[in-house]
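File shown: final_21.txt. Contents: compact mmCIF, N, CA and C atoms.
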# COMPACT_ATOMS: atom_id res chain seq x y z
N MET A 1 10.77 -1.41 -4.43
CA MET A 1 10.35 -1.72 -3.07
C MET A 1 9.43 -0.64 -2.50
N ALA A 2 9.53 0.58 -2.99
CA ALA A 2 8.71 1.66 -2.45
C ALA A 2 7.23 1.37 -2.64
N THR A 3 6.87 0.77 -3.78
CA THR A 3 5.46 0.48 -4.01
C THR A 3 4.97 -0.64 -3.09
N VAL A 4 5.80 -1.62 -2.83
CA VAL A 4 5.41 -2.72 -1.94
C VAL A 4 5.26 -2.20 -0.51
N ILE A 5 6.20 -1.40 -0.07
CA ILE A 5 6.12 -0.81 1.28
C ILE A 5 4.88 0.07 1.39
N GLY A 6 4.65 0.90 0.38
CA GLY A 6 3.48 1.76 0.37
C GLY A 6 2.18 0.96 0.35
N LEU A 7 2.16 -0.13 -0.41
CA LEU A 7 0.97 -0.99 -0.46
C LEU A 7 0.71 -1.61 0.90
N CYS A 8 1.75 -2.06 1.58
CA CYS A 8 1.60 -2.61 2.93
C CYS A 8 1.03 -1.56 3.88
N LEU A 9 1.56 -0.35 3.80
CA LEU A 9 1.07 0.73 4.66
C LEU A 9 -0.40 1.03 4.37
N ARG A 10 -0.76 1.10 3.09
CA ARG A 10 -2.14 1.40 2.71
C ARG A 10 -3.09 0.33 3.24
N VAL A 11 -2.75 -0.93 3.05
CA VAL A 11 -3.61 -2.02 3.51
C VAL A 11 -3.77 -1.97 5.02
N LYS A 12 -2.69 -1.76 5.75
CA LYS A 12 -2.75 -1.72 7.21
C LYS A 12 -3.60 -0.54 7.69
N LEU A 13 -3.42 0.63 7.10
CA LEU A 13 -4.21 1.79 7.51
C LEU A 13 -5.69 1.61 7.18
N ILE A 14 -5.99 1.03 6.03
CA ILE A 14 -7.39 0.78 5.67
C ILE A 14 -8.03 -0.19 6.65
N GLN A 15 -7.26 -1.16 7.11
CA GLN A 15 -7.79 -2.12 8.09
C GLN A 15 -8.01 -1.48 9.46
N CYS A 16 -7.19 -0.51 9.81
CA CYS A 16 -7.24 0.09 11.14
C CYS A 16 -8.26 1.21 11.28
N PHE A 17 -8.51 1.95 10.21
CA PHE A 17 -9.41 3.09 10.28
C PHE A 17 -10.81 2.74 9.78
N PRO A 18 -11.83 3.45 10.27
CA PRO A 18 -13.19 3.25 9.75
C PRO A 18 -13.26 3.59 8.26
N PRO A 19 -14.24 3.02 7.55
CA PRO A 19 -14.32 3.21 6.09
C PRO A 19 -14.48 4.65 5.62
N HIS A 20 -15.00 5.53 6.46
CA HIS A 20 -15.21 6.90 6.00
C HIS A 20 -13.93 7.74 6.00
N TYR A 21 -12.81 7.19 6.48
CA TYR A 21 -11.53 7.89 6.43
C TYR A 21 -10.90 7.68 5.06
N LYS A 22 -10.27 8.74 4.55
CA LYS A 22 -9.56 8.65 3.27
C LYS A 22 -8.08 8.46 3.57
N VAL A 23 -7.49 7.49 2.94
CA VAL A 23 -6.07 7.19 3.16
C VAL A 23 -5.28 7.60 1.92
N ASP A 24 -4.30 8.46 2.10
CA ASP A 24 -3.39 8.86 1.04
C ASP A 24 -1.97 8.49 1.47
N ILE A 25 -1.26 7.82 0.59
CA ILE A 25 0.12 7.43 0.85
C ILE A 25 0.98 8.17 -0.18
N ASN A 26 1.98 8.90 0.29
CA ASN A 26 2.88 9.62 -0.60
C ASN A 26 4.33 9.41 -0.19
N VAL A 27 5.18 9.27 -1.19
CA VAL A 27 6.61 9.15 -0.96
C VAL A 27 7.14 10.55 -0.65
N SER A 28 8.05 10.65 0.27
CA SER A 28 8.64 11.96 0.61
C SER A 28 9.30 12.57 -0.62
N PRO A 29 9.10 13.86 -0.83
CA PRO A 29 9.70 14.52 -1.99
C PRO A 29 11.21 14.34 -2.02
N GLY A 30 11.71 13.94 -3.19
CA GLY A 30 13.15 13.77 -3.39
C GLY A 30 13.70 12.45 -2.90
N SER A 31 12.86 11.56 -2.37
CA SER A 31 13.37 10.31 -1.81
C SER A 31 13.34 9.14 -2.79
N HIS A 32 12.74 9.35 -3.97
CA HIS A 32 12.63 8.27 -4.94
C HIS A 32 12.72 8.85 -6.35
N ALA A 33 13.39 8.14 -7.23
CA ALA A 33 13.56 8.63 -8.60
C ALA A 33 12.23 8.74 -9.34
N ASN A 34 11.30 7.82 -9.06
CA ASN A 34 10.00 7.80 -9.72
C ASN A 34 8.89 8.20 -8.76
N GLU A 35 9.13 9.22 -8.01
CA GLU A 35 8.22 9.66 -6.95
C GLU A 35 6.78 9.85 -7.44
N GLU A 36 6.60 10.52 -8.56
CA GLU A 36 5.25 10.80 -9.07
C GLU A 36 4.51 9.52 -9.44
N SER A 37 5.18 8.60 -10.11
CA SER A 37 4.51 7.37 -10.53
C SER A 37 4.20 6.48 -9.32
N VAL A 38 5.07 6.45 -8.34
CA VAL A 38 4.81 5.67 -7.13
C VAL A 38 3.60 6.24 -6.39
N ASN A 39 3.55 7.56 -6.24
CA ASN A 39 2.42 8.19 -5.58
C ASN A 39 1.12 7.92 -6.33
N LYS A 40 1.18 7.97 -7.66
CA LYS A 40 0.00 7.72 -8.48
C LYS A 40 -0.48 6.28 -8.29
N GLN A 41 0.44 5.33 -8.30
CA GLN A 41 0.08 3.92 -8.12
C GLN A 41 -0.53 3.67 -6.75
N LEU A 42 0.05 4.25 -5.72
CA LEU A 42 -0.40 3.98 -4.36
C LEU A 42 -1.74 4.63 -4.02
N ASN A 43 -2.13 5.64 -4.76
CA ASN A 43 -3.37 6.34 -4.45
C ASN A 43 -4.47 6.09 -5.48
N ASP A 44 -4.26 5.16 -6.38
CA ASP A 44 -5.26 4.78 -7.37
C ASP A 44 -5.95 3.50 -6.88
N LYS A 45 -7.22 3.62 -6.54
CA LYS A 45 -7.96 2.48 -5.96
C LYS A 45 -7.96 1.27 -6.88
N GLU A 46 -8.11 1.50 -8.18
CA GLU A 46 -8.15 0.39 -9.13
C GLU A 46 -6.81 -0.33 -9.22
N ARG A 47 -5.73 0.43 -9.20
CA ARG A 47 -4.39 -0.18 -9.24
C ARG A 47 -4.10 -0.96 -7.97
N VAL A 48 -4.51 -0.42 -6.84
CA VAL A 48 -4.31 -1.11 -5.57
C VAL A 48 -5.13 -2.41 -5.55
N ALA A 49 -6.38 -2.34 -5.98
CA ALA A 49 -7.23 -3.53 -6.02
C ALA A 49 -6.65 -4.59 -6.95
N ALA A 50 -6.15 -4.16 -8.11
CA ALA A 50 -5.55 -5.10 -9.05
C ALA A 50 -4.29 -5.73 -8.47
N ALA A 51 -3.49 -4.94 -7.78
CA ALA A 51 -2.27 -5.47 -7.16
C ALA A 51 -2.61 -6.51 -6.10
N LEU A 52 -3.65 -6.26 -5.32
CA LEU A 52 -4.02 -7.19 -4.25
C LEU A 52 -4.70 -8.45 -4.78
N GLU A 53 -5.13 -8.44 -6.05
CA GLU A 53 -5.67 -9.65 -6.66
C GLU A 53 -4.57 -10.61 -7.09
N ASN A 54 -3.35 -10.09 -7.21
CA ASN A 54 -2.21 -10.93 -7.56
C ASN A 54 -1.85 -11.77 -6.34
N PRO A 55 -1.95 -13.10 -6.44
CA PRO A 55 -1.71 -13.95 -5.25
C PRO A 55 -0.32 -13.80 -4.65
N ASN A 56 0.68 -13.65 -5.50
CA ASN A 56 2.06 -13.52 -4.99
C ASN A 56 2.25 -12.20 -4.24
N LEU A 57 1.71 -11.15 -4.80
CA LEU A 57 1.82 -9.84 -4.15
C LEU A 57 0.99 -9.79 -2.88
N ARG A 58 -0.19 -10.41 -2.92
CA ARG A 58 -1.05 -10.45 -1.72
C ARG A 58 -0.35 -11.21 -0.61
N GLN A 59 0.32 -12.30 -0.95
CA GLN A 59 1.05 -13.08 0.05
C GLN A 59 2.18 -12.25 0.65
N LEU A 60 2.88 -11.49 -0.18
CA LEU A 60 3.96 -10.63 0.31
C LEU A 60 3.43 -9.57 1.27
N VAL A 61 2.30 -8.96 0.93
CA VAL A 61 1.69 -7.95 1.80
C VAL A 61 1.25 -8.60 3.12
N ASP A 62 0.62 -9.76 3.05
CA ASP A 62 0.19 -10.45 4.26
C ASP A 62 1.37 -10.81 5.15
N GLU A 63 2.46 -11.27 4.55
CA GLU A 63 3.66 -11.59 5.34
C GLU A 63 4.23 -10.34 6.00
N CYS A 64 4.17 -9.24 5.29
CA CYS A 64 4.67 -7.97 5.84
C CYS A 64 3.83 -7.54 7.03
N LEU A 65 2.51 -7.67 6.91
CA LEU A 65 1.61 -7.20 7.95
C LEU A 65 1.51 -8.14 9.15
N TYR A 66 1.60 -9.42 8.91
CA TYR A 66 1.32 -10.37 9.99
C TYR A 66 2.54 -11.16 10.44
N SER A 67 3.74 -10.72 10.06
CA SER A 67 4.96 -11.38 10.46
C SER A 67 5.24 -11.10 11.94
N ASN A 68 5.78 -12.06 12.64
CA ASN A 68 6.15 -11.89 14.04
C ASN A 68 7.58 -11.34 14.19
N GLU A 69 8.32 -11.29 13.08
CA GLU A 69 9.69 -10.81 13.12
C GLU A 69 9.71 -9.30 13.06
N LEU A 70 10.63 -8.69 13.78
CA LEU A 70 10.83 -7.24 13.72
C LEU A 70 12.25 -6.94 13.39
Could you render the structure from this file as structure tokens?
Amino acid sequence: MATVIGLCLRVKLIQCFPPHYKVDINVSPGSHANEESVNKQLNDKERVAAALENPNLRQLVDECLYSNEL
């Protein structure tokens, strides 16, 4: 779930900030067993682009960002 949450955060921040801003998403140290791999996945542009090409994952991100439920 950490990668999905991080992907949602990355997409939202990229949408909110101008293109010249650099967005880095990192898991808090010690909060995840695979902290390094999650950070690597979330900050690799090619991996993020590939993840967002997956229709199921893109739908999940869109539901996360545009849901009316809190």
Exercise: segment 28-44 of chain A partners within 7 Å, only N, CA and C atoms, chain neighbours under 5 positions left out, as a PyMOL selection string: chain A and resi 2-3+6-7+23+49
Nearest to Cys8 of chain A among A:Lys45, A:Asn54, A:Lys22, A:Leu60, with distances taken over all atoms listed in the file: which residue is it?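 Smallest distance to Cys8 of chain A is found for A:Leu60.
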Could you check the closest approach to Val4 of chain A for each of A:Pro19, A:Asp24, A:Pro55, A:Val61 and tell me which residue wins, using all atoms listed in the file? A:Val61
From a DSSP calculation on the backbone, collect every residue of chain A in alpha helix (DSSP H) and output the set as a PyMOL selection string. chain A and resi 2-16+35-42+45-53+55-66
Which centre and which edge lengths, in Å to one decimal, describe the axis-aligned box that holds all listed atoms of segment 50-61 of chain A after 3 Å is added on each side, as lines of an AutoDock Vina configuration file?
center_x = -1.1
center_y = -9.1
center_z = -3.0
size_x = 16.1
size_y = 15.8
size_z = 18.2
State, in Å with one decimal place, the distance from atom CA of Ser67 of chain A to atom CA of Glu53 of chain A.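 These atoms are spaced 20.2 Å apart.
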Rounded to one decimal in Å, what is the spacing between atom CA of Arg58 of chain A and atom CA of Val11 of chain A? 10.2 Å
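With atom CA of Asn68 of chain A on one side and atom CA of Lys12 of chain A on the other, the separation reads 15.1 Å.
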